[in-house]
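Novice: This is the structure I have questions about; it appears just below.
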Amino acid sequence: MGMGELYAQTPNDTACTLPAIRLTGKKNTWIMPQAFPAQKLGREDIRESAALTVADPARLFPGTMVKDYGGMGGLKTISVRSLGAHHSAVMYDGLMVSDMQGGQVDLGKLSVTNVESIGLYQAQPPDLLLPARAFASASVLSIQTMGTDHANMPGTRIQTGFRAGSWGFVNPMFAISGKPGKKYVHALQAEYARADGAYPFTAYDQTADKLKRQNSDIQNHRIEYDASVQTGDSGRLRVKLYHYYSNRGLPGSVIFFNPFSRQRLTDNDQFIQSSWRKQIRKTALLVSAKYSQTYKKYIDPDFLNAQGKLENRFREREFYVSGALRKEAAQNLRLSLSSDFFHTRLTRSGAFLGDTANPIRNSSMTHLGLQWLPGRLQVQGGLLGTYISDKIGRGRAAKDIFRVTPTVGLMYRHTDTSAWTFRLFYKTVFRAPTFNDLYYTFVGNASLRPETVQQINAGLAWQGRQNGIWSDLVFSVDIYGNRVTDKIMAVPRQNLFQWSMMNVGRVQVLGIDFAADVRWKPLGSWAVRQRLAYGYQRATDMTQPGSASYKNQLPYTPEHSGSISTSIRHRWLTVSHQALFSSLRYRPGDQVAENRLEGWLIQDVRISMQKVVAKSLHEVFVECSNAFDTEYEIIRFYPMPGRQVRFGYTFTLDTKQSTTNHKP
């Protein structure tokens, strides 16, 4: 893994041929030196982390915090560099996951069973040939599924398996992929999961009794179908169909010595997305389209109103189309143009509801991008123009929004063969108020202004050459500052589905991210790899001098956080361990002892054994999350799960077949 490969960000295709079975994959780099800081976890990294959902491996990136309300069905959102989930976009196989209602994507709904890689990109992804929406956020969490990346498979691949463990957890899965024609590849993947989630925790009162978490059960299933068709010599059309359904309890906060909750949430999500990519000499074209609909049904049978309950149903529909063009304008110059339009409609219904806003939002984005590579210098930047217009059925709609925001990034190598690279970027980004901010919950405010962020980052990376101690070593360190104006903050009220909006005004964030990846020199059949991530964040409220919160750390934001991951391989045996830590935080309110949440350290362990028999690969594994049964909270009065033990088995079969007689 040389420096030139890292600089070009070109993955190497590698194949491992075992007796009677062939496994093909991509070598993923944890740290990718470039103008914009980036880390990436490959499929093996994700599997070794004993992850259940995307929220689990996302915790391993420096500078990230996953807000987790506990329980198997609790809400899980990501905040990067203290900017909140609204500024952290989630991209699924090249197109954004949208949530105009709340603006926060629940990572707990995204399984890792078929995920090929997860990348975190500050400012923007490095590829210019993307929809304009990919350049509209402060950071992007990019999720790439296996989908139809089995183009090199010899025939049909069948995979099945299951996991089971503590608190009634059961998780079977099935996948099949193949090549019915030389130019056609498709894959189908399905899984089911359930758990009662009744994990023990210590009561908050003086008795310190052992209680069990209430209303933390979940049942869900997911089905994905992918197809890829080669069109002409250089074109490729990809199509994905997605379905997800869940019925889960929302575990309430344990207050007034009361651990009980009966709130329920049903999700029913579907989308279909397609993209067509074509290379014409020095010009690349990408056309994408997506239609998605999400349905949420929330009920609180204990809500204190005249009806004796609260019941709401929300249905969000979005149609999205994008076109992108990238051209090699000169030997070291690339230019790009992308334009998106999306139409979003939200309807609300429920018992005892009168007229509601039922907002409609039309949004358009246009991005002009540039990448210039004069020698050892790399310059990348762009301008993004955004226009947003709302219409509502009842009440006053928010004002139209038009903004032009710039991005510029630089990277410099000391010499052509230098192991050192230096980088610098600046970006201005904003996020429009969501439908909930403007029109729903008890505090919707149509006069809210967009929240604006100015980002600046300076960093360096180093790639070590092979020596007698390590076979590969790379690390990066970045110092950054964020300045937020008109910040909109949301904190939960009596439950997780209703929020109170607070306008903090001005926030200043100063921080350091450090990441390292080392593969130690193999000793015989033993191979050891370690990854380290550390983040320091000082995120302070700078709104009103003299106020109680002035220059205080933002709620639920630790100053220190990070992770250490270790993987040990010996022939057919792999043992992996990861430790995650966080310093103390404060919940909203005065920073006194009653509002303090202590720091925590949790550790996960996974042991797996693989064996090839004839044409099949068998894997047996045991996972233990929170191995030392640490009691901790991420959100006050929402106790997190203790030790969970899981075991599982997967079976993979490759069957060779001839495609000579098949037509595309």
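Chain labels follow the order of the structure tokens: the first chain is A, the next B, and so on; residue numbering restarts at 1 in every chain, and ligands are counted from 1 in their shown order.
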Check which residues of range 27-137 of chain A sit at most 10 Å from range 332-341 of chain A using only C-alpha atoms, and return one row each with the closest pair of atoms and their distance in Å to one decimal, ordered by chain and rising number, as JSON lines.

Specialist:
{"residue": "A:Asp127", "atom": "CA", "partner": "A:Ser336", "partner_atom": "CA", "distance": 10.0}
{"residue": "A:Leu128", "atom": "CA", "partner": "A:Ser336", "partner_atom": "CA", "distance": 6.2}
{"residue": "A:Leu129", "atom": "CA", "partner": "A:Ser336", "partner_atom": "CA", "distance": 6.9}
{"residue": "A:Leu130", "atom": "CA", "partner": "A:Ser338", "partner_atom": "CA", "distance": 7.2}
{"residue": "A:Pro131", "atom": "CA", "partner": "A:Ser338", "partner_atom": "CA", "distance": 5.9}
{"residue": "A:Ala132", "atom": "CA", "partner": "A:Ser338", "partner_atom": "CA", "distance": 5.3}
{"residue": "A:Arg133", "atom": "CA", "partner": "A:Asp340", "partner_atom": "CA", "distance": 7.0}

Novice: Taking the backbone alone, and naming residues the way the document does, which bits of range 199-325 of chain A are strand (DSSP E) by DSSP, as a count of residues only?

Specialist: 86

Novice: Tell me, as an MDAnalysis selection string, which residues lie within 7 Å of Gln230 in chain A, counting only C-alpha atoms; anything in the same chain fewer than 3 positions away does not count.

Specialist: chainID A and resid 183:184 235:237

Novice: Write a file of the selected residues as a compact mmCIF listing (two decimals), in the first residue's frame, keeping all heavy atoms.

Specialist:
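The result, stored in result.txt:
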# COMPACT_ATOMS: atom_id res chain seq x y z
N LYS A 183 -23.52 -9.38 -19.18
CA LYS A 183 -23.60 -7.96 -18.86
C LYS A 183 -24.59 -7.66 -17.74
O LYS A 183 -24.88 -6.50 -17.47
CB LYS A 183 -23.98 -7.17 -20.10
CG LYS A 183 -22.95 -7.26 -21.22
CD LYS A 183 -23.33 -6.38 -22.40
CE LYS A 183 -22.27 -6.45 -23.50
NZ LYS A 183 -22.63 -5.56 -24.64
N TYR A 184 -25.09 -8.68 -17.09
CA TYR A 184 -26.14 -8.49 -16.10
C TYR A 184 -25.75 -9.21 -14.81
O TYR A 184 -25.42 -10.38 -14.82
CB TYR A 184 -27.47 -9.02 -16.64
CG TYR A 184 -28.62 -8.92 -15.68
CD1 TYR A 184 -28.90 -7.74 -15.00
CD2 TYR A 184 -29.46 -10.01 -15.45
CE1 TYR A 184 -29.96 -7.64 -14.14
CE2 TYR A 184 -30.53 -9.93 -14.58
CZ TYR A 184 -30.78 -8.74 -13.92
OH TYR A 184 -31.83 -8.65 -13.06
N GLY A 235 -20.84 2.14 -20.38
CA GLY A 235 -21.97 2.54 -19.56
C GLY A 235 -22.41 1.44 -18.61
O GLY A 235 -22.25 0.25 -18.90
N ARG A 236 -22.95 1.85 -17.49
CA ARG A 236 -23.47 0.87 -16.53
C ARG A 236 -24.68 1.46 -15.82
O ARG A 236 -24.64 2.58 -15.31
CB ARG A 236 -22.41 0.46 -15.52
CG ARG A 236 -22.91 -0.61 -14.53
CD ARG A 236 -21.76 -1.25 -13.79
NE ARG A 236 -20.94 -2.05 -14.67
CZ ARG A 236 -21.19 -3.32 -15.00
NH1 ARG A 236 -22.28 -3.92 -14.52
NH2 ARG A 236 -20.39 -3.98 -15.78
N LEU A 237 -25.76 0.68 -15.80
CA LEU A 237 -26.99 1.07 -15.13
C LEU A 237 -27.15 0.23 -13.88
O LEU A 237 -27.07 -1.00 -13.92
CB LEU A 237 -28.19 0.86 -16.06
CG LEU A 237 -29.58 1.09 -15.46
CD1 LEU A 237 -29.78 2.56 -15.11
CD2 LEU A 237 -30.67 0.61 -16.41

Novice: Find the residue from A:Gln34, A:Asn457, A:Thr283, A:Ser567 that sits nearest to Leu373 in chain A; use only C-alpha atoms when measuring.

Specialist: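 The closest residue to Leu373 in chain A is A:Gln34.
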
Novice: Any idea what the distance is between CA of Ser582 in chain A and CA of Ile602 in chain A?

Specialist: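 Answer for the CA of Ser582 in chain A to CA of Ile602 in chain A separation: 9.3 Å.
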
Novice: Could you check the closest approach to Thr405 in chain A for each of A:Tyr586, A:Trp600, A:Phe430, A:Trp372 and tell me which residue wins, using only C-alpha atoms?

Specialist: A:Phe430

Novice: List as a PyMOL selection string the protein and nucleic acid residues near range 594-598 of chain A, meaning an atom at most 9 Å away when only C-alpha atoms are counted, but skip any in the same chain fewer than 6 places from it.

Specialist: chain A and resi 556+582-588+632-636

Novice: Using only C-alpha atoms, determine which residues lie at most 8 Å from Ser476 in chain A, disregarding the query and same-chain residues fewer than 3 positions distant; provide the list as number ranges by chain.

Specialist: A: 31, 33, 459-462, 514-516

Novice: Only N, CA, C and O atoms, please: the residues just picked out, written as an mmCIF file, in the first residue's frame.

Specialist:
data_model
loop_
_atom_site.group_PDB
_atom_site.id
_atom_site.type_symbol
_atom_site.label_atom_id
_atom_site.label_comp_id
_atom_site.auth_asym_id
_atom_site.auth_seq_id
_atom_site.Cartn_x
_atom_site.Cartn_y
_atom_site.Cartn_z
ATOM 1 N N ILE A 31 -7.234 5.248 6.784
ATOM 2 C CA ILE A 31 -6.911 6.664 6.641
ATOM 3 C C ILE A 31 -6.549 6.930 5.183
ATOM 4 O O ILE A 31 -5.713 6.243 4.610
ATOM 5 N N PRO A 33 -5.105 9.917 2.996
ATOM 6 C CA PRO A 33 -4.579 11.279 2.910
ATOM 7 C C PRO A 33 -5.090 11.988 1.654
ATOM 8 O O PRO A 33 -4.892 11.523 0.535
ATOM 9 N N GLY A 459 -4.249 19.983 8.607
ATOM 10 C CA GLY A 459 -3.775 18.685 9.081
ATOM 11 C C GLY A 459 -2.618 18.151 8.270
ATOM 12 O O GLY A 459 -2.202 18.737 7.266
ATOM 13 N N LEU A 460 -2.095 17.034 8.738
ATOM 14 C CA LEU A 460 -1.030 16.344 8.018
ATOM 15 C C LEU A 460 -1.209 14.842 8.189
ATOM 16 O O LEU A 460 -1.846 14.370 9.133
ATOM 17 N N ALA A 461 -0.639 14.103 7.241
ATOM 18 C CA ALA A 461 -0.674 12.637 7.279
ATOM 19 C C ALA A 461 0.705 12.107 6.931
ATOM 20 O O ALA A 461 1.479 12.760 6.216
ATOM 21 N N TRP A 462 0.997 10.917 7.438
ATOM 22 C CA TRP A 462 2.305 10.302 7.210
ATOM 23 C C TRP A 462 2.130 8.827 6.926
ATOM 24 O O TRP A 462 1.381 8.131 7.615
ATOM 25 N N PHE A 514 -7.216 12.660 15.695
ATOM 26 C CA PHE A 514 -6.015 11.862 15.434
ATOM 27 C C PHE A 514 -6.444 10.452 15.075
ATOM 28 O O PHE A 514 -7.316 9.872 15.730
ATOM 29 N N ALA A 515 -5.846 9.894 14.035
ATOM 30 C CA ALA A 515 -6.141 8.522 13.619
ATOM 31 C C ALA A 515 -4.844 7.845 13.196
ATOM 32 O O ALA A 515 -3.977 8.469 12.571
ATOM 33 N N ALA A 516 -4.705 6.577 13.552
ATOM 34 C CA ALA A 516 -3.515 5.801 13.184
ATOM 35 C C ALA A 516 -3.928 4.380 12.845
ATOM 36 O O ALA A 516 -4.885 3.838 13.414
#

Novice: Mind checking which residues fall within 8 Å of Lys67 in chain A, counting only C-alpha atoms, ignoring those fewer than 5 positions away in the same chain, and posting them as a PDB file with C-alpha atoms, in the first residue's frame?

Specialist:
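Wrote it out as around_3.pdb, contents follow:
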ATOM      1  CA  LEU A  75     -32.933   6.172  18.400  1.00  0.00           C
ATOM      2  CA  LYS A  76     -29.288   6.386  17.217  1.00  0.00           C
ATOM      3  CA  THR A  77     -27.993   9.475  15.408  1.00  0.00           C
ATOM      4  CA  ILE A  78     -24.486  10.634  14.544  1.00  0.00           C
ATOM      5  CA  SER A  79     -22.884  13.987  15.341  1.00  0.00           C
ATOM      6  CA  ILE A 634     -25.011   8.609  26.726  1.00  0.00           C
ATOM      7  CA  ILE A 635     -28.247  10.515  27.381  1.00  0.00           C
TER       8      ILE A 635
END

Novice: Which of these residues is nearest to Ser292 in chain A, using only C-alpha atoms: A:Asp472, A:Leu573, A:Met100, A:Lys109?

Specialist: A:Met100

Novice: Write out as number ranges by chain the set of residues from range 359-562 of chain A that DSSP, computed on the backbone, places in helix (DSSP H, G or I).

Specialist: A: 435-439

Novice: Which residues are near range 400-404 of chain A? Cut-off 10 Å, only C-alpha atoms, ignore same chain within fewer than 6 positions. Put them as a JSON list (two decimals) with N, CA, C and O atoms, in the first residue's frame.

Specialist:
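File out-v1.json, as written:
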[["chain", "number", "residue", "atom", "x", "y", "z"],
["A", 361, "ARG", "N", -42.13, 20.76, 0.02],
["A", 361, "ARG", "CA", -40.87, 21.49, -0.18],
["A", 361, "ARG", "C", -40.28, 21.13, -1.54],
["A", 361, "ARG", "O", -40.10, 19.94, -1.85],
["A", 362, "ASN", "N", -39.98, 22.16, -2.32],
["A", 362, "ASN", "CA", -39.26, 21.99, -3.59],
["A", 362, "ASN", "C", -37.86, 22.56, -3.41],
["A", 362, "ASN", "O", -37.70, 23.72, -3.00],
["A", 363, "SER", "N", -36.87, 21.75, -3.70],
["A", 363, "SER", "CA", -35.48, 22.15, -3.50],
["A", 363, "SER", "C", -34.69, 21.89, -4.76],
["A", 363, "SER", "O", -34.90, 20.88, -5.45],
["A", 364, "SER", "N", -33.77, 22.79, -5.05],
["A", 364, "SER", "CA", -32.86, 22.59, -6.18],
["A", 364, "SER", "C", -31.45, 22.98, -5.75],
["A", 364, "SER", "O", -31.26, 23.93, -4.97],
["A", 365, "MET", "N", -30.48, 22.24, -6.24],
["A", 365, "MET", "CA", -29.07, 22.49, -5.93],
["A", 365, "MET", "C", -28.25, 22.37, -7.19],
["A", 365, "MET", "O", -28.48, 21.48, -8.01],
["A", 366, "THR", "N", -27.28, 23.26, -7.34],
["A", 366, "THR", "CA", -26.33, 23.20, -8.45],
["A", 366, "THR", "C", -24.92, 23.38, -7.90],
["A", 366, "THR", "O", -24.67, 24.31, -7.12],
["A", 367, "HIS", "N", -24.04, 22.48, -8.29],
["A", 367, "HIS", "CA", -22.67, 22.50, -7.77],
["A", 367, "HIS", "C", -21.68, 22.58, -8.92],
["A", 367, "HIS", "O", -21.74, 21.79, -9.88],
["A", 383, "LEU", "N", -18.49, 25.62, -5.73],
["A", 383, "LEU", "CA", -19.55, 26.53, -5.32],
["A", 383, "LEU", "C", -20.87, 25.79, -5.41],
["A", 383, "LEU", "O", -21.15, 25.13, -6.42],
["A", 384, "LEU", "N", -21.68, 25.89, -4.35],
["A", 384, "LEU", "CA", -22.97, 25.23, -4.31],
["A", 384, "LEU", "C", -24.07, 26.27, -4.16],
["A", 384, "LEU", "O", -24.07, 27.07, -3.21],
["A", 385, "GLY", "N", -24.99, 26.28, -5.11],
["A", 385, "GLY", "CA", -26.15, 27.14, -5.03],
["A", 385, "GLY", "C", -27.38, 26.34, -4.64],
["A", 385, "GLY", "O", -27.65, 25.29, -5.22],
["A", 386, "THR", "N", -28.12, 26.82, -3.64],
["A", 386, "THR", "CA", -29.28, 26.10, -3.10],
["A", 386, "THR", "C", -30.50, 27.01, -3.06],
["A", 386, "THR", "O", -30.39, 28.16, -2.60],
["A", 387, "TYR", "N", -31.61, 26.50, -3.54],
["A", 387, "TYR", "CA", -32.88, 27.23, -3.47],
["A", 387, "TYR", "C", -33.94, 26.31, -2.88],
["A", 387, "TYR", "O", -34.11, 25.17, -3.33],
["A", 388, "ILE", "N", -34.66, 26.79, -1.86],
["A", 388, "ILE", "CA", -35.67, 26.00, -1.16],
["A", 388, "ILE", "C", -36.94, 26.82, -1.03],
["A", 388, "ILE", "O", -36.90, 27.99, -0.61],
["A", 389, "SER", "N", -38.07, 26.20, -1.38],
["A", 389, "SER", "CA", -39.36, 26.87, -1.29],
["A", 389, "SER", "C", -40.38, 25.92, -0.67],
["A", 389, "SER", "O", -40.50, 24.77, -1.10],
["A", 390, "ASP", "N", -41.12, 26.41, 0.35],
["A", 390, "ASP", "CA", -42.13, 25.61, 1.06],
["A", 390, "ASP", "C", -43.53, 26.11, 0.74],
["A", 390, "ASP", "O", -43.75, 27.32, 0.57],
["A", 391, "LYS", "N", -44.46, 25.17, 0.70],
["A", 391, "LYS", "CA", -45.88, 25.47, 0.66],
["A", 391, "LYS", "C", -46.57, 24.61, 1.71],
["A", 391, "LYS", "O", -46.21, 23.44, 1.88],
["A", 428, "THR", "N", -18.14, 26.72, 3.87],
["A", 428, "THR", "CA", -19.34, 27.28, 4.47],
["A", 428, "THR", "C", -20.52, 26.42, 4.06],
["A", 428, "THR", "O", -20.66, 26.06, 2.89],
["A", 429, "VAL", "N", -21.33, 26.07, 5.04],
["A", 429, "VAL", "CA", -22.47, 25.20, 4.78],
["A", 429, "VAL", "C", -23.62, 25.66, 5.66],
["A", 429, "VAL", "O", -23.42, 26.31, 6.69],
["A", 430, "PHE", "N", -24.84, 25.36, 5.24],
["A", 430, "PHE", "CA", -25.99, 25.69, 6.07],
["A", 430, "PHE", "C", -26.97, 24.53, 6.01],
["A", 430, "PHE", "O", -26.92, 23.68, 5.11],
["A", 432, "ALA", "N", -31.23, 23.97, 6.34],
["A", 432, "ALA", "CA", -32.53, 24.60, 6.45],
["A", 432, "ALA", "C", -33.31, 23.98, 7.61],
["A", 432, "ALA", "O", -33.13, 22.80, 7.93],
["A", 449, "ARG", "N", -34.52, 30.85, 11.16],
["A", 449, "ARG", "CA", -33.54, 31.09, 10.10],
["A", 449, "ARG", "C", -32.67, 29.84, 9.91],
["A", 449, "ARG", "O", -32.52, 29.04, 10.83],
["A", 450, "PRO", "N", -32.09, 29.68, 8.74],
["A", 450, "PRO", "CA", -31.18, 28.55, 8.53],
["A", 450, "PRO", "C", -29.98, 28.63, 9.48],
["A", 450, "PRO", "O", -29.55, 29.72, 9.87]]
